[in-house]
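The file query.cif comes next; it holds mmCIF, C-alpha atoms and all ligand atoms.
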```cif
data_run
#
loop_
_atom_site.label_atom_id
_atom_site.label_comp_id
_atom_site.auth_asym_id
_atom_site.auth_seq_id
_atom_site.Cartn_x
_atom_site.Cartn_y
_atom_site.Cartn_z
CA MET A 1 26.13 -20.97 -29.15
CA ILE A 2 25.82 -17.20 -29.42
CA LYS A 3 27.09 -14.96 -26.62
CA LEU A 4 26.69 -11.18 -26.56
CA THR A 5 27.79 -8.93 -23.72
CA VAL A 6 25.75 -5.88 -22.74
CA ASN A 7 27.76 -3.10 -21.06
CA ALA A 8 24.98 -1.21 -19.29
CA SER A 9 25.00 -0.06 -15.63
CA ARG A 10 25.38 -3.77 -15.01
CA LYS A 11 27.49 -5.84 -17.42
CA TYR A 12 25.81 -9.10 -18.47
CA ASP A 13 25.80 -11.78 -21.12
CA VAL A 14 22.97 -12.78 -23.42
CA VAL A 15 23.49 -16.47 -24.19
CA MET A 16 21.53 -18.31 -26.88
CA GLU A 17 22.13 -22.03 -26.98
CA ARG A 18 20.09 -25.15 -27.65
CA GLY A 19 19.61 -27.01 -24.38
CA ALA A 20 20.47 -23.87 -22.34
CA LEU A 21 17.58 -24.51 -19.91
CA GLY A 22 19.33 -27.66 -18.76
CA LYS A 23 22.59 -25.74 -18.26
CA ALA A 24 21.18 -22.74 -16.37
CA GLY A 25 22.98 -23.69 -13.14
CA GLU A 26 26.36 -23.77 -14.90
CA TYR A 27 25.76 -20.45 -16.60
CA ILE A 28 24.61 -18.68 -13.44
CA GLY A 29 27.56 -20.11 -11.48
CA LYS A 30 28.63 -19.28 -7.91
CA ALA A 31 25.71 -21.06 -6.22
CA ASN A 32 27.30 -21.69 -2.82
CA GLY A 33 23.91 -22.72 -1.39
CA ARG A 34 22.30 -19.45 -2.48
CA LYS A 35 18.53 -19.42 -2.89
CA ILE A 36 17.03 -18.92 -6.30
CA CYS A 37 13.32 -18.35 -6.92
CA ILE A 38 11.92 -19.32 -10.32
CA ILE A 39 9.09 -16.92 -11.12
CA THR A 40 6.74 -18.08 -13.82
CA ASP A 41 3.10 -18.10 -14.89
CA ASP A 42 0.79 -21.10 -14.72
CA ASN A 43 1.15 -21.87 -18.47
CA VAL A 44 4.94 -21.82 -18.64
CA ASP A 45 5.14 -23.61 -15.29
CA LYS A 46 3.60 -26.72 -16.85
CA LEU A 47 6.20 -26.71 -19.64
CA TYR A 48 9.49 -25.84 -17.92
CA GLY A 49 8.83 -25.08 -14.24
CA GLN A 50 8.36 -28.58 -12.83
CA SER A 51 10.96 -30.03 -10.49
CA GLU A 52 11.44 -32.95 -12.95
CA HIS A 53 12.47 -30.54 -15.73
CA ALA A 54 16.14 -30.19 -16.65
CA LEU A 55 16.09 -26.50 -15.63
CA TRP A 56 15.31 -27.31 -12.00
CA GLY A 57 17.76 -30.23 -12.02
CA SER A 58 20.54 -28.05 -13.36
CA LEU A 59 19.97 -25.41 -10.64
CA THR A 60 20.02 -27.98 -7.82
CA SER A 61 23.06 -29.76 -9.30
CA ALA A 62 24.88 -26.44 -9.35
CA GLY A 63 24.14 -26.07 -5.62
CA PHE A 64 21.20 -23.65 -5.59
CA ASP A 65 18.39 -23.99 -3.06
CA VAL A 66 15.45 -23.75 -5.52
CA TYR A 67 12.06 -22.14 -4.81
CA LYS A 68 9.22 -21.36 -7.19
CA TYR A 69 6.47 -18.74 -7.32
CA VAL A 70 3.70 -19.23 -9.89
CA PHE A 71 1.21 -16.49 -10.79
CA PRO A 72 -1.80 -16.60 -13.16
CA SER A 73 -0.93 -15.84 -16.80
CA GLY A 74 -2.17 -12.78 -18.65
CA GLU A 75 -1.88 -9.01 -18.75
CA ASP A 76 -4.58 -8.68 -16.03
CA HIS A 77 -2.10 -10.07 -13.50
CA LYS A 78 0.75 -7.73 -14.42
CA ASN A 79 -0.04 -5.54 -11.45
CA MET A 80 1.05 -4.47 -7.98
CA SER A 81 -0.91 -7.19 -6.22
CA THR A 82 1.10 -9.87 -8.05
CA VAL A 83 4.29 -8.01 -7.10
CA THR A 84 3.16 -7.85 -3.46
CA GLY A 85 2.51 -11.61 -3.51
CA MET A 86 6.05 -12.20 -4.81
CA LEU A 87 7.67 -9.83 -2.29
CA GLU A 88 5.81 -11.46 0.61
CA PHE A 89 6.83 -14.92 -0.63
CA LEU A 90 10.51 -13.91 -0.79
CA ALA A 91 10.36 -12.37 2.69
CA GLU A 92 8.56 -15.40 4.17
CA HIS A 93 11.32 -17.61 2.79
CA SER A 94 14.05 -15.31 4.11
CA PHE A 95 15.59 -14.40 0.75
CA THR A 96 18.59 -12.10 1.27
CA ARG A 97 20.44 -9.69 -0.99
CA SER A 98 22.79 -12.42 -2.10
CA ASP A 99 19.94 -14.62 -3.38
CA LEU A 100 18.36 -14.24 -6.81
CA LEU A 101 15.26 -14.51 -8.97
CA LEU A 102 14.86 -16.26 -12.32
CA ALA A 103 12.17 -14.94 -14.69
CA LEU A 104 10.95 -17.94 -16.69
CA GLY A 105 8.50 -16.85 -19.38
CA GLY A 106 7.52 -14.11 -21.79
CA GLY A 107 7.52 -10.34 -21.53
CA ILE A 108 5.00 -10.09 -18.69
CA THR A 109 6.97 -12.48 -16.50
CA GLY A 110 10.26 -10.73 -17.29
CA ASP A 111 8.84 -7.25 -16.56
CA ILE A 112 7.16 -8.23 -13.31
CA THR A 113 10.07 -10.32 -12.03
CA GLY A 114 12.51 -7.54 -12.88
CA PHE A 115 10.39 -5.04 -10.97
CA THR A 116 10.17 -7.38 -7.97
CA ALA A 117 13.95 -7.85 -8.13
CA ALA A 118 14.45 -4.08 -8.30
CA THR A 119 12.39 -3.49 -5.15
CA TYR A 120 12.97 -6.50 -2.87
CA LEU A 121 15.50 -5.40 -0.21
CA ARG A 122 16.12 -2.39 -2.49
CA GLY A 123 17.39 -4.61 -5.25
CA ILE A 124 18.53 -8.18 -5.81
CA GLU A 125 19.92 -9.96 -8.87
CA PHE A 126 17.68 -11.54 -11.47
CA ILE A 127 18.15 -13.76 -14.50
CA GLN A 128 15.99 -13.54 -17.60
CA VAL A 129 15.06 -16.87 -19.20
CA PRO A 130 12.79 -15.77 -22.07
CA THR A 131 10.42 -18.41 -23.43
CA SER A 132 8.70 -16.26 -26.08
CA PHE A 133 10.24 -14.92 -29.28
CA LEU A 134 9.14 -11.38 -28.35
CA ALA A 135 10.91 -11.64 -25.00
CA VAL A 136 14.23 -12.81 -26.46
CA VAL A 137 14.17 -10.32 -29.31
CA ASP A 138 13.28 -7.31 -27.18
CA SER A 139 11.93 -7.25 -23.62
CA SER A 140 14.44 -9.48 -21.81
CA VAL A 141 17.33 -7.15 -22.72
CA GLY A 142 17.72 -3.53 -21.66
CA GLY A 143 16.40 -3.48 -18.11
CA LYS A 144 12.94 -1.97 -18.51
CA THR A 145 10.80 -3.57 -15.81
CA GLY A 146 7.35 -2.72 -14.54
CA VAL A 147 3.67 -3.35 -14.05
CA ASN A 148 0.38 -1.83 -15.17
CA LEU A 149 -1.72 0.51 -13.02
CA SER A 150 -5.48 0.94 -13.44
CA SER A 151 -4.74 4.18 -15.34
CA GLY A 152 -2.55 2.50 -17.95
CA LYS A 153 0.11 0.02 -18.99
CA ASN A 154 3.64 0.00 -17.52
CA LEU A 155 3.04 3.12 -15.43
CA ALA A 156 5.05 1.80 -12.46
CA GLY A 157 8.49 0.38 -12.97
CA ALA A 158 12.24 0.66 -12.71
CA PHE A 159 15.30 0.39 -14.88
CA TRP A 160 16.92 -2.73 -13.48
CA GLN A 161 19.25 -4.82 -15.60
CA PRO A 162 19.33 -8.62 -15.36
CA SER A 163 22.63 -10.31 -14.56
CA LEU A 164 22.20 -12.88 -17.35
CA VAL A 165 19.81 -13.55 -20.23
CA LEU A 166 19.63 -17.23 -21.15
CA PHE A 167 17.68 -18.33 -24.22
CA ASP A 168 17.08 -21.91 -25.31
CA PRO A 169 15.89 -21.93 -28.98
CA ASP A 170 14.11 -25.25 -28.35
CA VAL A 171 11.37 -23.27 -26.55
CA LEU A 172 10.33 -21.91 -29.96
CA ASP A 173 8.82 -25.33 -30.74
CA THR A 174 5.92 -24.68 -28.36
CA LEU A 175 4.99 -21.28 -29.82
CA SER A 176 2.23 -20.64 -32.36
CA ASP A 177 3.02 -18.70 -35.55
CA GLU A 178 1.02 -15.78 -34.16
CA LEU A 179 3.26 -15.62 -31.09
CA LYS A 180 6.40 -15.89 -33.19
CA LEU A 181 5.14 -13.02 -35.35
CA ASP A 182 4.87 -10.85 -32.22
CA GLY A 183 8.64 -11.12 -31.84
CA MET A 184 9.21 -10.84 -35.59
CA ALA A 185 7.66 -7.35 -35.59
CA GLU A 186 10.23 -6.21 -33.02
CA ALA A 187 13.03 -7.85 -35.05
CA ILE A 188 11.89 -6.01 -38.19
CA LYS A 189 11.80 -2.83 -36.08
CA ALA A 190 15.46 -3.39 -35.12
CA GLY A 191 16.30 -3.97 -38.80
CA ILE A 192 14.62 -0.72 -39.85
CA ILE A 193 16.37 1.24 -37.08
CA ALA A 194 19.90 0.03 -37.60
CA ASP A 195 20.52 -3.29 -39.34
CA PRO A 196 19.29 -3.73 -42.93
CA GLN A 197 20.76 -7.27 -42.90
CA ILE A 198 17.87 -8.35 -40.63
CA LEU A 199 15.45 -7.16 -43.31
CA THR A 200 17.39 -9.04 -46.00
CA MET A 201 17.35 -12.24 -43.93
CA ILE A 202 13.59 -12.01 -43.44
CA GLY A 203 12.92 -10.84 -46.98
CA SER A 204 14.93 -13.68 -48.56
CA SER A 205 13.57 -16.50 -46.41
CA ALA A 206 11.23 -18.44 -48.63
CA GLY A 207 8.22 -19.27 -46.47
CA GLU A 208 9.97 -21.42 -43.86
CA LEU A 209 10.95 -18.47 -41.67
CA LEU A 210 8.77 -19.26 -38.65
CA ASP A 211 9.74 -22.94 -38.58
CA ASP A 212 13.49 -22.43 -38.72
CA ASN A 213 14.70 -22.13 -35.12
CA ASP A 214 18.32 -21.49 -36.18
CA LEU A 215 17.27 -18.62 -38.44
CA LEU A 216 14.94 -17.18 -35.76
CA THR A 217 17.80 -17.33 -33.24
CA GLU A 218 20.17 -15.59 -35.67
CA ILE A 219 17.57 -12.88 -36.25
CA ALA A 220 17.03 -12.51 -32.48
CA ALA A 221 20.79 -12.13 -31.93
CA LYS A 222 21.01 -9.41 -34.56
CA ALA A 223 18.04 -7.57 -33.03
CA VAL A 224 19.63 -7.81 -29.58
CA LYS A 225 22.86 -6.32 -31.00
CA VAL A 226 20.89 -3.33 -32.27
CA LYS A 227 19.19 -2.91 -28.89
CA ARG A 228 22.49 -3.36 -27.03
CA THR A 229 24.14 -0.50 -28.93
CA ILE A 230 21.24 1.82 -28.14
CA VAL A 231 20.89 0.78 -24.48
CA GLU A 232 24.63 1.13 -23.88
CA GLU A 233 24.39 4.72 -25.10
CA ASP A 234 21.11 5.72 -23.45
CA GLU A 235 20.03 3.22 -20.81
CA ARG A 236 17.40 5.45 -19.17
CA GLU A 237 15.80 6.74 -22.39
CA SER A 238 16.78 10.35 -22.21
CA GLY A 239 17.22 10.43 -25.98
CA LYS A 240 18.33 7.77 -28.45
CA ARG A 241 16.56 4.84 -26.75
CA ALA A 242 13.26 6.36 -27.89
CA LEU A 243 14.21 5.07 -31.39
CA LEU A 244 13.14 1.65 -30.08
CA ASN A 245 9.60 3.03 -30.00
CA LEU A 246 9.38 3.00 -33.81
CA GLY A 247 5.75 2.34 -34.78
CA HIS A 248 4.72 2.27 -31.12
CA THR A 249 2.60 5.47 -30.96
CA ALA A 250 0.17 4.04 -33.50
CA ALA A 251 0.64 0.53 -32.09
CA HIS A 252 -0.36 1.49 -28.55
CA ALA A 253 -3.41 3.27 -29.97
CA ILE A 254 -4.34 0.21 -32.07
CA GLU A 255 -3.93 -2.11 -29.07
CA LYS A 256 -6.09 0.19 -26.96
CA CYS A 257 -8.81 0.56 -29.66
CA SER A 258 -8.95 -3.26 -29.95
CA ASP A 259 -9.23 -3.59 -26.17
CA TYR A 260 -5.94 -5.51 -26.43
CA GLY A 261 -7.50 -8.06 -28.83
CA ILE A 262 -4.75 -7.14 -31.34
CA SER A 263 -1.46 -8.23 -29.81
CA HIS A 264 1.53 -5.91 -29.36
CA GLY A 265 3.65 -7.26 -32.21
CA HIS A 266 0.81 -7.26 -34.73
CA ALA A 267 -0.02 -3.68 -33.71
CA VAL A 268 3.67 -2.67 -34.01
CA ALA A 269 3.71 -4.09 -37.56
CA MET A 270 0.67 -1.98 -38.50
CA GLY A 271 2.19 1.02 -36.71
CA MET A 272 5.49 0.73 -38.63
CA ALA A 273 3.65 0.46 -41.95
CA MET A 274 1.62 3.58 -41.05
CA ILE A 275 4.54 5.69 -39.89
CA SER A 276 6.65 4.82 -42.93
CA ALA A 277 3.72 5.57 -45.27
CA ALA A 278 3.13 8.93 -43.58
CA ALA A 279 6.86 9.73 -43.59
CA ALA A 280 7.10 8.84 -47.30
CA ALA A 281 4.05 11.01 -48.06
CA GLU A 282 5.77 13.94 -46.32
CA GLY A 283 9.06 13.34 -48.13
CA LEU A 284 10.81 12.30 -44.88
CA CYS A 285 11.32 8.65 -45.86
CA GLU A 286 12.62 7.29 -49.16
CA LYS A 287 9.63 5.91 -51.06
CA ALA A 288 11.54 2.74 -51.95
CA PHE A 289 12.34 2.16 -48.28
CA HIS A 290 8.70 2.53 -47.28
CA GLU A 291 7.78 0.00 -49.99
CA GLU A 292 10.47 -2.37 -48.74
CA ILE A 293 9.16 -2.10 -45.15
CA VAL A 294 5.62 -2.92 -46.25
CA SER A 295 6.74 -5.77 -48.47
CA ILE A 296 8.84 -7.38 -45.69
CA LEU A 297 6.04 -7.04 -43.15
CA LYS A 298 3.63 -8.66 -45.60
CA GLN A 299 6.08 -11.40 -46.45
CA ALA A 300 6.56 -12.17 -42.77
CA GLY A 301 2.80 -12.72 -42.58
CA PHE A 302 1.36 -9.53 -41.05
CA ALA A 303 -2.03 -8.06 -41.91
CA LEU A 304 -1.34 -4.34 -42.25
CA THR A 305 -4.72 -2.73 -42.76
CA CYS A 306 -5.58 -0.82 -39.63
CA PRO A 307 -9.22 -1.50 -38.64
CA TYR A 308 -9.64 1.89 -36.91
CA ASN A 309 -10.13 5.37 -38.31
CA THR A 310 -7.72 8.19 -37.59
CA LYS A 311 -10.08 9.88 -35.10
CA GLU A 312 -10.26 6.73 -32.98
CA LEU A 313 -6.49 6.25 -33.17
CA THR A 314 -5.72 9.86 -32.29
CA ARG A 315 -8.08 9.82 -29.32
CA ALA A 316 -6.47 6.62 -28.02
CA ALA A 317 -2.92 7.90 -28.62
CA LEU A 318 -3.54 11.23 -26.91
CA HIS A 319 -5.22 9.71 -23.90
CA ASP A 320 -2.16 7.62 -23.18
CA LYS A 321 -1.43 8.43 -19.54
CA LYS A 322 2.31 8.37 -20.26
CA ARG A 323 2.01 11.25 -22.70
CA ARG A 324 3.00 14.64 -21.34
CA GLY A 325 2.88 18.13 -22.85
CA ASP A 326 1.69 19.54 -26.16
CA SER A 327 3.93 17.56 -28.47
CA ILE A 328 4.47 13.95 -29.32
CA THR A 329 7.74 12.37 -30.46
CA LEU A 330 7.53 10.06 -33.45
CA VAL A 331 10.27 7.83 -34.82
CA ILE A 332 10.70 8.50 -38.53
CA PRO A 333 12.30 5.82 -40.73
CA GLU A 334 14.36 7.67 -43.33
CA ALA A 335 16.34 5.06 -45.24
CA ALA A 336 17.63 1.53 -44.58
CA GLY A 337 19.27 1.52 -41.15
CA SER A 338 18.51 5.16 -40.44
CA CYS A 339 15.73 6.59 -38.25
CA ARG A 340 15.36 9.88 -36.43
CA LEU A 341 13.12 11.38 -33.75
CA LYS A 342 10.66 14.07 -34.79
CA LYS A 343 8.53 16.07 -32.38
CA ILE A 344 5.17 17.18 -33.72
CA PRO A 345 2.43 19.22 -32.00
CA VAL A 346 -0.38 16.92 -30.78
CA GLY A 347 -2.77 18.87 -33.03
CA GLU A 348 -0.96 17.47 -36.10
CA LEU A 349 -1.11 13.82 -35.09
CA GLU A 350 -4.44 13.02 -36.74
CA ALA A 351 -3.34 14.47 -40.08
CA PHE A 352 -0.10 12.46 -39.80
CA PHE A 353 -2.06 9.24 -39.13
CA GLU A 354 -4.31 10.09 -42.11
CA LYS A 355 -1.29 10.10 -44.44
CA GLY A 356 -0.23 6.74 -43.02
CA LEU A 357 -3.40 4.76 -43.70
CA ILE A 358 -2.56 2.02 -46.20
N1 LIG B 1 11.14 -2.05 -25.83
C1 LIG B 1 11.73 -0.78 -25.93
C2 LIG B 1 12.82 -0.55 -24.95
O1 LIG B 1 13.23 -1.47 -24.25
O2 LIG B 1 13.29 0.56 -24.84
#
```

Could I get this structure in the form of C-alpha cells?
Ligand code: GLY
Amino acid sequence: MIKLTVNASRKYDVVMERGALGKAGEYIGKANGRKICIITDDNVDKLYGQSEHALWGSLTSAGFDVYKYVFPSGEDHKNMSTVTGMLEFLAEHSFTRSDLLLALGGGITGDITGFTAATYLRGIEFIQVPTSFLAVVDSSVGGKTGVNLSSGKNLAGAFWQPSLVLFDPDVLDTLSDELKLDGMAEAIKAGIIADPQILTMIGSSAGELLDDNDLLTEIAAKAVKVKRTIVEEDERESGKRALLNLGHTAAHAIEKCSDYGISHGHAVAMGMAMISAAAAAEGLCEKAFHEEIVSILKQAGFALTCPYNTKELTRAALHDKKRRGDSITLVIPEAAGSCRLKKIPVGELEAFFEKGLI
C-alpha cells in the first residue's frame, strides 16, 4: 500500500492499494448514515458501479446510504447539461452539505464530478476513485475540475480538492495499452519536470512496462509526488503550476487539428518531443537531455512524428480560447529534473514549432 498526503487548501490522502475498491467504505470512514452518490459513466458503471460489486458493498457495510448517477461516456458529455442533470439528481434526493460524491472513472468523470461537488450547495465533499492510468497519474490529484463549453475545452470550472483519492491497481487490467500510454505521457512529463528516477524506471523496463501493474503503480506514485510538491506551492496556478503544462501548447494544438482523434497523452508525448527539440536547437536544453526524452518516449511506445505542419499547429494553438494577450508561456526542459517557464511573443510561436519538428 502506498499513501501520500497532499497539503493543499484541503489536506487529503492519495491511497494506492490492490483491492482498494472493496475497502472504499473503510477508507472514507465516518459514514453515520450519510448519503454518498457514485458518479460514473455508462462504460465504467458496467465494470465497477453495480450494486453487486465490492465497491458498493463496502460503502453500504460502512453505513453509507448509496445512490448512483450514470451519464453517457465521452468528451461530448463533459458539459453543463450533464452537470445540471447531476445537480438536479442530488437536489431531488435531498443531498445535504454533509453528504458526498464519489467520482468513479477517468479524467472526464473526475473533472465533472469535482465541478458538481464544487457547486452543489456551494460545495460538498468528493472522493476521487480513478479507473484510468491518466487519472491516477495526473487528473485526480490537484483539484482542477471543470467542463467544456461550446467555445472550447475546460472553459468553466473550479479549483476544488477531493477529500480522498483511492486507486486500486487491479483496474489497470481492463485498460488497453493505448489508454495506459495516455497516462504514461503524463508520468514522463513529471519525470522531465522534477524526477529523473521516473525516466530511469521507464527507460530501464525491458518491454513489460505496460503489463506490470506494480511498476505502473510505483511510477504513478512518483508522478503524484511531483505534482503534489507543485500544487502545494501554487494550487491556483499563479506561477509554478504552469510547469505541469510541459508539452501541452503543442499537444492541445495537435488534439484540435486531429479533431480529438489523437488522444491527450499521445499528443502530450509529441508535444514534449517538439518542445525539447526546439529548446535544444535554441541552446536552451542540453542536447543529451533532449535525446534522452525522445528515446524514452519511443521506448514507451509513442509515435512522435507530428502529422500537422507548423502553420496548422500555430493556428490551432493561437485560437485556443483560453489564450490571452500577445505572448504565450512555454515550458522549457533544460536538463534532467529542471524546467523553466519562458514567455515568447505569439509571432514567434510558428518559428519555435518549426525548430521542434522531428
Ligand atoms: N494537469 C495539470 C494540472 O493539474 O495543473

Using only C-alpha atoms and all ligand atoms, find each residue with an atom at most 9 Å away from ligand LIG 1 (chain B) and format the answer as a PyMOL selection string.
chain A and resi 138-144+186+227+230-231+235-237+241-245

Who sits within 12 Å of A:Lys23, only C-alpha atoms, same chain under 4 positions skipped, as an NGL selection string:
:A and (15-19 or 27-29 or 53-62 or 129 or 166-168)

Go through A:Thr310, A:Thr229, A:Thr329, A:Ser94 one by one, measure the shortest atom-to-atom distance of each to A:Ala190 using only C-alpha atoms, and give the residue with the smallest value.
A:Thr229

Do you have the atom CA of A:Phe64-atom CA of A:Leu102 distance handy?
11.8 Å

Any idea what's packed within 7 Å of A:Ala250, counting only C-alpha atoms, ignoring anything in its chain fewer than 4 positions away? Could you give it as a list in words?
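Everything that qualifies: Ile254, Gly271 and Ala317 of chain A.
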
Hey, can you spit out that residue selection with C-alpha atoms as a CSV table (one decimal), in the frame of the given file?
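And here is the file that came out, result_6.csv:
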```csv
chain,number,residue,atom,x,y,z
A,254,ILE,CA,-4.3,0.2,-32.1
A,271,GLY,CA,2.2,1.0,-36.7
A,317,ALA,CA,-2.9,7.9,-28.6
```

Find the residue from A:Lys256, A:His248, A:Lys311, A:Lys240 that sits nearest to A:Leu341; use all atoms listed in the file when measuring.
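Using all atoms listed in the file, A:Leu341 sits closest to A:Lys240.
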
Choose the residue, out of A:Gly114, A:Gly283, A:Pro196, A:Pro169, that has the smallest atom-to-atom separation from A:Glu218; count all atoms listed in the file.
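For A:Glu218, the nearest of the given residues is A:Pro169.
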
Skipping near chain neighbours, those fewer than 3 positions away, what residues fall within 10 Å of A:Gly203 using all atoms listed in the file, listed as a PyMOL selection string?
chain A and resi 197-200+206-207+209+292-293+295-300

All residues 10 Å or closer to A:His77, all atoms listed in the file, same chain fewer than 2 positions away omitted, as number ranges by chain
A: 41, 71-75, 79-83, 108-109, 112, 147-148

Quick one: of A:Thr174, A:Asn32, A:Thr40, A:Gln161, who's nearest to A:Tyr12, counting all atoms listed in the file?
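Checking each candidate against A:Tyr12, we get A:Gln161 as the closest.
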
Restricting the calculation to all atoms listed in the file: of A:Gly301, A:Gly22, A:Gly337, A:Gly33, which residue gets closest to A:Leu181?
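Using all atoms listed in the file, the shortest distance to A:Leu181 belongs to A:Gly301.
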
I need the residue nearest A:Gly107 from this list: A:Asp182, A:Glu52, A:Asp173, A:Asp42. Use all atoms listed in the file for the distance.
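Using all atoms listed in the file, the shortest distance to A:Gly107 belongs to A:Asp182.
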
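Put simply, atom CA of A:Gly325 is 17.3 Å away from atom CA of A:Gly152.
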
Which residues are close to A:Glu125, i.e. within 10 Å by only C-alpha atoms, leaving aside same-chain residues fewer than 4 positions away? Reply as a VMD selection string.
chain A and resid 36 97 to 102 114 117 to 118 120 160 to 164

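Computed from the coordinates, the atom CA of A:Leu313 to atom CA of A:Ser327 distance equals 16.1 Å.
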